[in-house]
2 protein chains.
Amino acid sequence: MEIICIGNELLIGKTLNTNAQWLAKRTTSLGIAVKRITVVSDDVDEIAQAIREALQRNPRFIITTGGLGPTFDDKTLEGIAKGLNRELKVDDRALKMVKEKYDSYAKAGKIGKTELTRHRIKMATLPDGAEPLSNPIGTAPGVLMQSNKTIIVALPGVPSEMEAIFEESVAPLLKKEAGDVMFFEASIYVDGIMESALAPLIDETMHDNPYIYIKSHPKGEEKKPHIEIHFSTTAKNSQTAKNRLGKAIIQLSELIQKSGGKVKQKK
Amino acid sequence: MEIICIGNELLIGKTLNTNAQWLAKRTTSLGIAVKRITVVSDDVDEIAQAIREALQRNPRFIITTGGLGPTFDDKTLEGIAKGLNRELKVDDRALKMVKEKYDSYAKAGKIGKTELTRHRIKMATLPDGAEPLSNPIGTAPGVLMQSNKTIIVALPGVPSEMEAIFEESVAPLLKKEAGDVMFFEASIYVDGIMESALAPLIDETMHDNPYIYIKSHPKGEEKKPHIEIHFSTTAKNSQTAKNRLGKAIIQLSELIQKSGGKVKQKK
């Protein structure tokens with residue numbers, strides 16, 4: 001799985017990319033590993049290039065965020081269409097979704113007349129062969145496409161809309177793909193031992209626990225060390241995962257205590 | 001300029017990528033535009049591939065974050081060396097930096113014996129032709145390399161260390177490259193007008209103000225709209241930038257008010 005985030009605001013550092021973190025966490029928890037996250041600007045050619053490059057790496061899924069709205073700089077669908085060499089067409093199902101939203105806003109007295117302006121029709125203009133995904137919160141539909149074996153899903157950049165479409169339309173696809181496999185993790189917190197002294201102890205524990213990935217995250221300074229050690233595994237059931245994680249945590253904790261470090265299970 | 005962030009913790013959504021935002025904001029403010037941010041795992045081949053792909057796009061700078069420490073999963077330098085087809089060698093200058101750090105920790109009574117273990121020597125093992133950058137806060141030096149016209153800088157993942165090395169060794173290079181050009185920005189906040197109704201007004205303003213980039217960021221829901229409108233430009237002096245930004249802000253504000261929207265300068 002790859003994630004492509006589209007938006008100048010991410011490249012000028014105006015916006016923190018919480019969408020990438022949310023998607024990465026959520027798909028990992030569903031048992032699908034994220035191999036790469038790419039951020040590009042609101043530029044048709046940049047988006048097209050990022051899509052083409054990602055397709056060459058043959059991921060099962062590509063999820064994009066951002067650039068589905070009504071303004072001139074919402075260029076995601078144009079970029080994806082270019083990357084896939086497909087035409088853009090007004091999609092009747094998507095147009096119905098957009099129209100119903102504006103009609104409902106008008107009915108609620110929130111807006112006046114509800115013309116389907118060029119900018120509103122834009123949100124229903126999809127790459128050929130694409131399927132619109134209902135947006136339970138906002139106006140722009142999500143979009144689902146397939147290119148060879150890769151499923152491409154375009155989600156909006158507004159976090160609440162992105163999350164809602166993901167849960168409704170994307171999570172079921174990922175769960176089906178992952179089958180029974182799930183991701184499990186646990187952390188311990190260590191004081192009084194430097195990361196460089198910890199390194200050989202982690203090596204030894206990982207060698208003895210082949211299904212466990214261990215990574216140290218220094219939280220203090222190297223000279224006043226406070227280190228989080230994160231254990232993770234994927235497994236078909238939680239008992240297997242708990243047993244594996246428990247065994248590795250006990251082994252590494254003992255090694256650290258022998259070296260004079262202090263171990264805490266919680267922060 | 002491209003940014004490559006290395007770390008499984010980013011791909012499983014455990015860690016929010018604040019380093020990418022900090023670097024993007026800081027380099028943009030220095031007048032250097034970030035074209036792409038890529039996140040890959042702690043895997044030599046993934047890192048090497050990301051470096052090779054970035055080099056093909058010919059950026060003037062590539063900055064990497066993460067993966068410079070002493071543990072087995074700190075693989076950035078090995079990955080960069082592979083991407084550049086260079087050997088890894090223990091660098092005497094880097095080794096001196098690392099040794100002096102551990103000696104100073106020992107002198108301060110913070111650690112015991114200061115052997116240069118395999119894991120510590122690793123932090124001084126650099127791609128051929130690289131230059132170590134002093135780390136004023138932590139142990140692992142930053143690393144500077146050149147490949148054709150691209151300068152590659154590897155920075156640690158610990159934010160305080162990344163920022164310190166950036167300010168000391170990288171910011172001066174970027175300033176020199178940018179010359180007099182700086183980045184300027186301003187925002188207004190708009191209520192009572194939908195993003196889709198705003199779109200043609202932004203189109204018109206951007207058409208009349210060719211040096212200004214305008215992007216709308218919906219903050220509420222489409223049916224109860226609260227929208228930030230962000231104006232940005234690059235210019236050689238702040239007076240030119242202020243004049244340009246002011247002209248565009250006044251024009252768009254008037255258009256919005258005519259359409260029934262309310263404009264605020266501050267949040």
# chains A, B, ... in the order shown; residues from 1 in each chain; ligands from 1
$ residues_around --residues "Lys264 (chain B)" --least-positions-apart "3" --cutoff "10 Å" --atoms "only C-alpha atoms" --output "PyMOL selection string"
chain B and resi 187-191+228+253+267
$ write_last_selection --atoms "N, CA and C atoms" --output "PDB file, in the first residue's frame"
ATOM      1  N   SER B 187      -2.952  35.251   5.650  1.00  0.00           N
ATOM      2  CA  SER B 187      -4.244  34.564   5.564  1.00  0.00           C
ATOM      3  C   SER B 187      -5.384  35.496   5.920  1.00  0.00           C
ATOM      4  N   ILE B 188      -6.539  35.266   5.317  1.00  0.00           N
ATOM      5  CA  ILE B 188      -7.788  35.854   5.813  1.00  0.00           C
ATOM      6  C   ILE B 188      -8.740  34.707   6.110  1.00  0.00           C
ATOM      7  N   TYR B 189      -9.762  34.990   6.939  1.00  0.00           N
ATOM      8  CA  TYR B 189     -10.733  33.953   7.318  1.00  0.00           C
ATOM      9  C   TYR B 189     -12.120  34.411   6.896  1.00  0.00           C
ATOM     10  N   VAL B 190     -12.851  33.488   6.267  1.00  0.00           N
ATOM     11  CA  VAL B 190     -14.100  33.866   5.622  1.00  0.00           C
ATOM     12  C   VAL B 190     -15.242  33.006   6.156  1.00  0.00           C
ATOM     13  N   ASP B 191     -16.360  33.652   6.487  1.00  0.00           N
ATOM     14  CA  ASP B 191     -17.567  32.936   6.911  1.00  0.00           C
ATOM     15  C   ASP B 191     -18.717  33.263   5.971  1.00  0.00           C
ATOM     16  N   GLU B 228     -10.266  29.275   5.623  1.00  0.00           N
ATOM     17  CA  GLU B 228      -9.044  30.083   5.613  1.00  0.00           C
ATOM     18  C   GLU B 228      -8.602  30.246   4.171  1.00  0.00           C
ATOM     19  N   SER B 253     -11.151  40.158  -0.898  1.00  0.00           N
ATOM     20  CA  SER B 253     -12.063  40.490   0.209  1.00  0.00           C
ATOM     21  C   SER B 253     -13.301  41.231  -0.313  1.00  0.00           C
ATOM     22  N   LYS B 267      -7.841  35.066  12.833  1.00  0.00           N
ATOM     23  CA  LYS B 267      -8.699  33.957  13.225  1.00  0.00           C
ATOM     24  C   LYS B 267      -9.631  34.364  14.364  1.00  0.00           C
TER      25      LYS B 267
END
$ closest_atom_pairs --of "chain A" --to "chain B" --cutoff "7 Å" --atoms "only C-alpha atoms" --output "CSV"
residue,atom,partner,partner_atom,distance
A:Leu11,CA,B:Val34,CA,5.6
A:Ile12,CA,B:Lys25,CA,5.2
A:Gly13,CA,B:Lys25,CA,4.1
A:Lys14,CA,B:Lys25,CA,6.7
A:Leu16,CA,B:Gln21,CA,5.8
A:Asn17,CA,B:Asn17,CA,6.9
A:Thr18,CA,B:Leu16,CA,6.7
A:Gln21,CA,B:Gly13,CA,4.5
A:Trp22,CA,B:Gly13,CA,6.4
A:Ala24,CA,B:Gly13,CA,4.7
A:Lys25,CA,B:Gly13,CA,4.1
A:Thr28,CA,B:Ile12,CA,5.7
A:Val34,CA,B:Leu11,CA,5.6
A:Lys35,CA,B:Val40,CA,6.5
A:Arg36,CA,B:Val40,CA,5.1
A:Ile37,CA,B:Val39,CA,4.9
A:Thr38,CA,B:Thr38,CA,4.5
A:Val39,CA,B:Ile37,CA,4.9
A:Val40,CA,B:Arg36,CA,5.1
A:Ser41,CA,B:Lys35,CA,6.9
A:Pro70,CA,B:Ser196,CA,5.2
A:Thr71,CA,B:Ala199,CA,4.7
A:Phe72,CA,B:Ala199,CA,6.8
A:Tyr105,CA,B:Lys223,CA,6.2
A:Lys110,CA,B:Lys223,CA,6.6
A:His119,CA,B:Ser196,CA,6.0
A:Arg120,CA,B:Ser196,CA,6.1
A:Gly138,CA,B:Glu222,CA,5.9
A:Thr139,CA,B:Glu222,CA,6.8
A:Glu195,CA,B:Pro70,CA,6.9
A:Ser196,CA,B:Pro70,CA,5.2
A:Ala199,CA,B:Thr71,CA,4.7
A:Asp203,CA,B:Phe72,CA,6.8
A:Glu221,CA,B:Gly138,CA,6.5
A:Glu222,CA,B:Gly138,CA,5.9
A:Lys223,CA,B:Tyr105,CA,6.2
$ write_last_selection --atoms "N, CA and C atoms" --output "short mmCIF file (atom, residue, chain, number, x, y, z; two decimals), in the first residue's frame"
data_model
loop_
_atom_site.label_atom_id
_atom_site.label_comp_id
_atom_site.auth_asym_id
_atom_site.auth_seq_id
_atom_site.Cartn_x
_atom_site.Cartn_y
_atom_site.Cartn_z
N LEU A 11 3.84 21.09 1.59
CA LEU A 11 5.22 21.31 1.12
C LEU A 11 5.79 22.64 1.58
N ILE A 12 4.94 23.55 2.02
CA ILE A 12 5.48 24.79 2.60
C ILE A 12 5.47 24.70 4.14
N GLY A 13 5.05 23.57 4.67
CA GLY A 13 5.09 23.37 6.13
C GLY A 13 3.99 24.10 6.86
N LYS A 14 2.97 24.55 6.12
CA LYS A 14 1.85 25.24 6.76
C LYS A 14 0.99 24.25 7.54
N LEU A 16 0.52 20.31 9.14
CA LEU A 16 1.13 19.07 9.60
C LEU A 16 0.34 17.92 8.98
N ASN A 17 1.05 16.92 8.45
CA ASN A 17 0.38 15.88 7.68
C ASN A 17 -0.24 14.81 8.59
N THR A 18 -1.30 15.21 9.29
CA THR A 18 -1.99 14.26 10.18
C THR A 18 -2.77 13.23 9.36
N GLN A 21 -0.57 10.22 8.85
CA GLN A 21 -0.46 9.40 10.07
C GLN A 21 -1.74 8.61 10.32
N TRP A 22 -2.86 9.28 10.18
CA TRP A 22 -4.13 8.59 10.44
C TRP A 22 -4.30 7.39 9.51
N ALA A 24 -1.96 5.78 7.84
CA ALA A 24 -0.93 4.76 8.08
C ALA A 24 -1.31 3.90 9.28
N LYS A 25 -1.77 4.56 10.34
CA LYS A 25 -2.13 3.83 11.56
C LYS A 25 -3.33 2.92 11.30
N THR A 28 -2.43 0.00 8.87
CA THR A 28 -1.56 -0.95 9.56
C THR A 28 -2.38 -1.80 10.51
N VAL A 34 1.99 -0.20 5.06
CA VAL A 34 2.26 0.96 4.19
C VAL A 34 3.74 0.96 3.84
N LYS A 35 4.04 0.95 2.55
CA LYS A 35 5.44 0.88 2.11
C LYS A 35 6.02 2.27 1.85
N ARG A 36 5.18 3.20 1.48
CA ARG A 36 5.71 4.53 1.15
C ARG A 36 4.63 5.59 1.28
N ILE A 37 5.04 6.77 1.73
CA ILE A 37 4.17 7.95 1.73
C ILE A 37 4.86 9.01 0.88
N THR A 38 4.14 9.60 -0.05
CA THR A 38 4.70 10.63 -0.92
C THR A 38 3.84 11.88 -0.82
N VAL A 39 4.48 13.03 -0.73
CA VAL A 39 3.75 14.30 -0.71
C VAL A 39 4.15 15.10 -1.95
N VAL A 40 3.18 15.53 -2.73
CA VAL A 40 3.46 16.36 -3.90
C VAL A 40 2.54 17.58 -3.92
N SER A 41 2.85 18.50 -4.81
CA SER A 41 2.12 19.77 -4.85
C SER A 41 0.84 19.65 -5.67
N PRO A 70 -13.74 22.01 -5.06
CA PRO A 70 -14.22 22.78 -6.21
C PRO A 70 -13.24 23.85 -6.74
N THR A 71 -12.14 24.14 -6.02
CA THR A 71 -11.33 25.28 -6.45
C THR A 71 -10.31 24.89 -7.53
N PHE A 72 -9.75 25.90 -8.17
CA PHE A 72 -8.85 25.68 -9.31
C PHE A 72 -7.67 24.80 -8.96
N TYR A 105 -28.54 21.25 1.32
CA TYR A 105 -28.11 22.49 2.00
C TYR A 105 -29.14 23.60 1.75
N LYS A 110 -29.54 26.72 4.32
CA LYS A 110 -28.14 27.12 4.60
C LYS A 110 -27.51 27.87 3.43
N HIS A 119 -17.66 24.93 -11.17
CA HIS A 119 -16.81 24.49 -10.05
C HIS A 119 -17.44 23.33 -9.29
N ARG A 120 -18.76 23.25 -9.30
CA ARG A 120 -19.42 22.13 -8.61
C ARG A 120 -19.43 20.88 -9.47
N GLY A 138 -19.15 15.69 3.65
CA GLY A 138 -18.95 16.86 2.80
C GLY A 138 -19.53 16.68 1.42
N THR A 139 -19.06 17.46 0.49
CA THR A 139 -19.67 17.48 -0.84
C THR A 139 -18.93 16.63 -1.87
N GLU A 195 21.43 4.54 24.10
CA GLU A 195 20.95 3.80 22.94
C GLU A 195 22.06 2.93 22.32
N SER A 196 23.29 3.46 22.37
CA SER A 196 24.39 2.69 21.78
C SER A 196 24.70 1.44 22.60
N ALA A 199 21.86 -1.15 21.77
CA ALA A 199 21.84 -1.71 20.41
C ALA A 199 22.16 -3.21 20.38
N ASP A 203 19.72 -6.36 19.20
CA ASP A 203 20.17 -7.34 18.18
C ASP A 203 19.91 -8.76 18.66
N GLU A 221 17.90 13.07 25.79
CA GLU A 221 19.15 13.24 25.06
C GLU A 221 19.98 11.98 25.26
N GLU A 222 20.96 11.79 24.38
CA GLU A 222 21.78 10.58 24.48
C GLU A 222 22.49 10.53 25.83
N LYS A 223 22.86 11.71 26.38
CA LYS A 223 23.61 11.68 27.64
C LYS A 223 22.69 11.57 28.86
#
$ select_by_dssp --residues "region 2-110 of chain B" --states "strand (DSSP E or B)" --output "list of chain:residue names"
B:Glu2, B:Ile3, B:Ile4, B:Cys5, B:Ile6, B:Arg36, B:Ile37, B:Thr38, B:Val39, B:Val40, B:Phe61, B:Ile62, B:Ile63, B:Thr64, B:Thr65, B:Leu88, B:Lys89, B:Val90
$ atom_distance --atom1 "CA of Arg86 (chain B)" --atom2 "CA of Glu115 (chain B)"
28.0 Å
$ select_by_dssp --residues "region 180-222 of chain A" --states "alpha helix (DSSP H)" --output "list in words"
Glu195, Ser196, Ala197, Leu198, Ala199, Pro200, Leu201, Ile202, Asp203, Glu204, Thr205, Met206, His207 and Asp208 of chain A
$ write_last_selection --atoms "C-alpha atoms" --output "mmCIF file, in the first residue's frame"
data_model
loop_
_atom_site.group_PDB
_atom_site.id
_atom_site.type_symbol
_atom_site.label_atom_id
_atom_site.label_comp_id
_atom_site.auth_asym_id
_atom_site.auth_seq_id
_atom_site.Cartn_x
_atom_site.Cartn_y
_atom_site.Cartn_z
ATOM 1 C CA GLU A 195 20.953 3.798 22.940
ATOM 2 C CA SER A 196 24.386 2.690 21.778
ATOM 3 C CA ALA A 197 24.619 0.279 24.743
ATOM 4 C CA LEU A 198 21.093 -0.926 24.059
ATOM 5 C CA ALA A 199 21.843 -1.706 20.412
ATOM 6 C CA PRO A 200 23.545 -5.109 20.951
ATOM 7 C CA LEU A 201 20.798 -6.186 23.393
ATOM 8 C CA ILE A 202 18.121 -5.439 20.787
ATOM 9 C CA ASP A 203 20.169 -7.336 18.183
ATOM 10 C CA GLU A 204 20.237 -10.399 20.445
ATOM 11 C CA THR A 205 16.512 -10.247 21.246
ATOM 12 C CA MET A 206 15.500 -9.815 17.607
ATOM 13 C CA HIS A 207 17.728 -12.715 16.615
ATOM 14 C CA ASP A 208 15.919 -14.968 19.128
#
$ closest_residue --among "B:Lys107, B:Arg60, B:Lys247, B:Lys175" --to "Gly31 (chain B)" --atoms "only C-alpha atoms"
B:Lys175
$ atom_distance --atom1 "CA of Val143 (chain A)" --atom2 "CA of Ala124 (chain A)"
9.5 Å
$ atom_distance --atom1 "CA of Ala235 (chain B)" --atom2 "CA of Val181 (chain B)"
5.4 Å
$ residues_around --residues "Glu131 (chain B)" --least-positions-apart "2" --cutoff "9 Å" --atoms "only C-alpha atoms" --output "mmCIF file with N, CA and C atoms, in the first residue's frame"
data_model
loop_
_atom_site.group_PDB
_atom_site.id
_atom_site.type_symbol
_atom_site.label_atom_id
_atom_site.label_comp_id
_atom_site.auth_asym_id
_atom_site.auth_seq_id
_atom_site.Cartn_x
_atom_site.Cartn_y
_atom_site.Cartn_z
ATOM 1 N N ASP B 91 35.061 7.156 8.857
ATOM 2 C CA ASP B 91 35.608 8.490 8.591
ATOM 3 C C ASP B 91 36.278 9.002 9.866
ATOM 4 N N ARG B 93 37.279 11.961 10.845
ATOM 5 C CA ARG B 93 36.705 13.172 11.453
ATOM 6 C C ARG B 93 35.424 12.825 12.220
ATOM 7 N N ALA B 94 34.597 11.976 11.603
ATOM 8 C CA ALA B 94 33.347 11.577 12.263
ATOM 9 C C ALA B 94 33.646 10.754 13.519
ATOM 10 N N LEU B 126 30.747 6.353 6.975
ATOM 11 C CA LEU B 126 30.043 7.221 6.012
ATOM 12 C C LEU B 126 30.268 6.764 4.575
ATOM 13 N N PRO B 127 29.377 7.129 3.681
ATOM 14 C CA PRO B 127 29.630 6.875 2.253
ATOM 15 C C PRO B 127 30.913 7.595 1.812
ATOM 16 N N ASP B 128 31.635 6.983 0.925
ATOM 17 C CA ASP B 128 32.881 7.539 0.417
ATOM 18 C C ASP B 128 32.664 8.974 -0.092
ATOM 19 N N GLY B 129 33.551 9.876 0.315
ATOM 20 C CA GLY B 129 33.457 11.258 -0.156
ATOM 21 C C GLY B 129 32.555 12.129 0.690
ATOM 22 N N LEU B 133 28.906 16.352 9.725
ATOM 23 C CA LEU B 133 28.457 17.654 10.238
ATOM 24 C C LEU B 133 28.301 17.530 11.749
ATOM 25 N N GLY B 142 25.656 14.632 11.577
ATOM 26 C CA GLY B 142 24.991 14.723 10.289
ATOM 27 C C GLY B 142 25.993 14.395 9.202
ATOM 28 N N VAL B 143 25.510 14.219 7.969
ATOM 29 C CA VAL B 143 26.409 13.821 6.887
ATOM 30 C C VAL B 143 26.057 14.611 5.629
ATOM 31 N N LEU B 144 27.076 15.150 4.961
ATOM 32 C CA LEU B 144 26.872 15.919 3.732
ATOM 33 C C LEU B 144 27.616 15.255 2.575
ATOM 34 N N MET B 145 26.913 15.072 1.465
ATOM 35 C CA MET B 145 27.518 14.459 0.285
ATOM 36 C C MET B 145 27.090 15.228 -0.950
#
$ decode --residues "region 201-244 of chain A" --atoms "C-alpha atoms" --output "tab-separated table (two decimals), in the first residue's frame"
chain	number	residue	atom	x	y	z
A	201	LEU	CA	20.80	-6.19	23.39
A	202	ILE	CA	18.12	-5.44	20.79
A	203	ASP	CA	20.17	-7.34	18.18
A	204	GLU	CA	20.24	-10.40	20.45
A	205	THR	CA	16.51	-10.25	21.25
A	206	MET	CA	15.50	-9.82	17.61
A	207	HIS	CA	17.73	-12.72	16.62
A	208	ASP	CA	15.92	-14.97	19.13
A	209	ASN	CA	12.43	-13.65	18.19
A	210	PRO	CA	12.24	-13.75	14.41
A	211	TYR	CA	8.61	-12.58	14.15
A	212	ILE	CA	9.13	-9.52	16.32
A	213	TYR	CA	10.34	-6.14	15.08
A	214	ILE	CA	11.95	-3.97	17.75
A	215	LYS	CA	12.82	-0.31	17.38
A	216	SER	CA	14.25	2.09	19.93
A	217	HIS	CA	13.03	5.68	20.02
A	218	PRO	CA	15.25	8.01	22.06
A	219	LYS	CA	13.06	10.51	23.90
A	220	GLY	CA	15.59	12.37	26.03
A	221	GLU	CA	19.15	13.24	25.06
A	222	GLU	CA	21.78	10.58	24.48
A	223	LYS	CA	23.61	11.68	27.64
A	224	LYS	CA	20.41	11.60	29.79
A	225	PRO	CA	18.71	8.75	28.05
A	226	HIS	CA	15.02	7.97	28.17
A	227	ILE	CA	14.18	5.50	25.47
A	228	GLU	CA	10.94	3.99	24.25
A	229	ILE	CA	11.34	0.49	22.88
A	230	HIS	CA	8.57	-0.45	20.52
A	231	PHE	CA	7.77	-4.10	19.76
A	232	SER	CA	5.52	-5.07	16.87
A	233	THR	CA	4.37	-8.15	15.00
A	234	THR	CA	1.65	-9.26	12.63
A	235	ALA	CA	-0.26	-12.43	13.47
A	236	LYS	CA	-3.49	-14.23	12.72
A	237	ASN	CA	-4.79	-14.10	16.28
A	238	SER	CA	-4.19	-11.99	19.33
A	239	GLN	CA	-3.06	-14.89	21.56
A	240	THR	CA	-0.17	-15.74	19.24
A	241	ALA	CA	0.73	-12.06	19.06
A	242	LYS	CA	0.58	-11.59	22.84
A	243	ASN	CA	2.74	-14.65	23.46
A	244	ARG	CA	5.35	-13.50	20.95
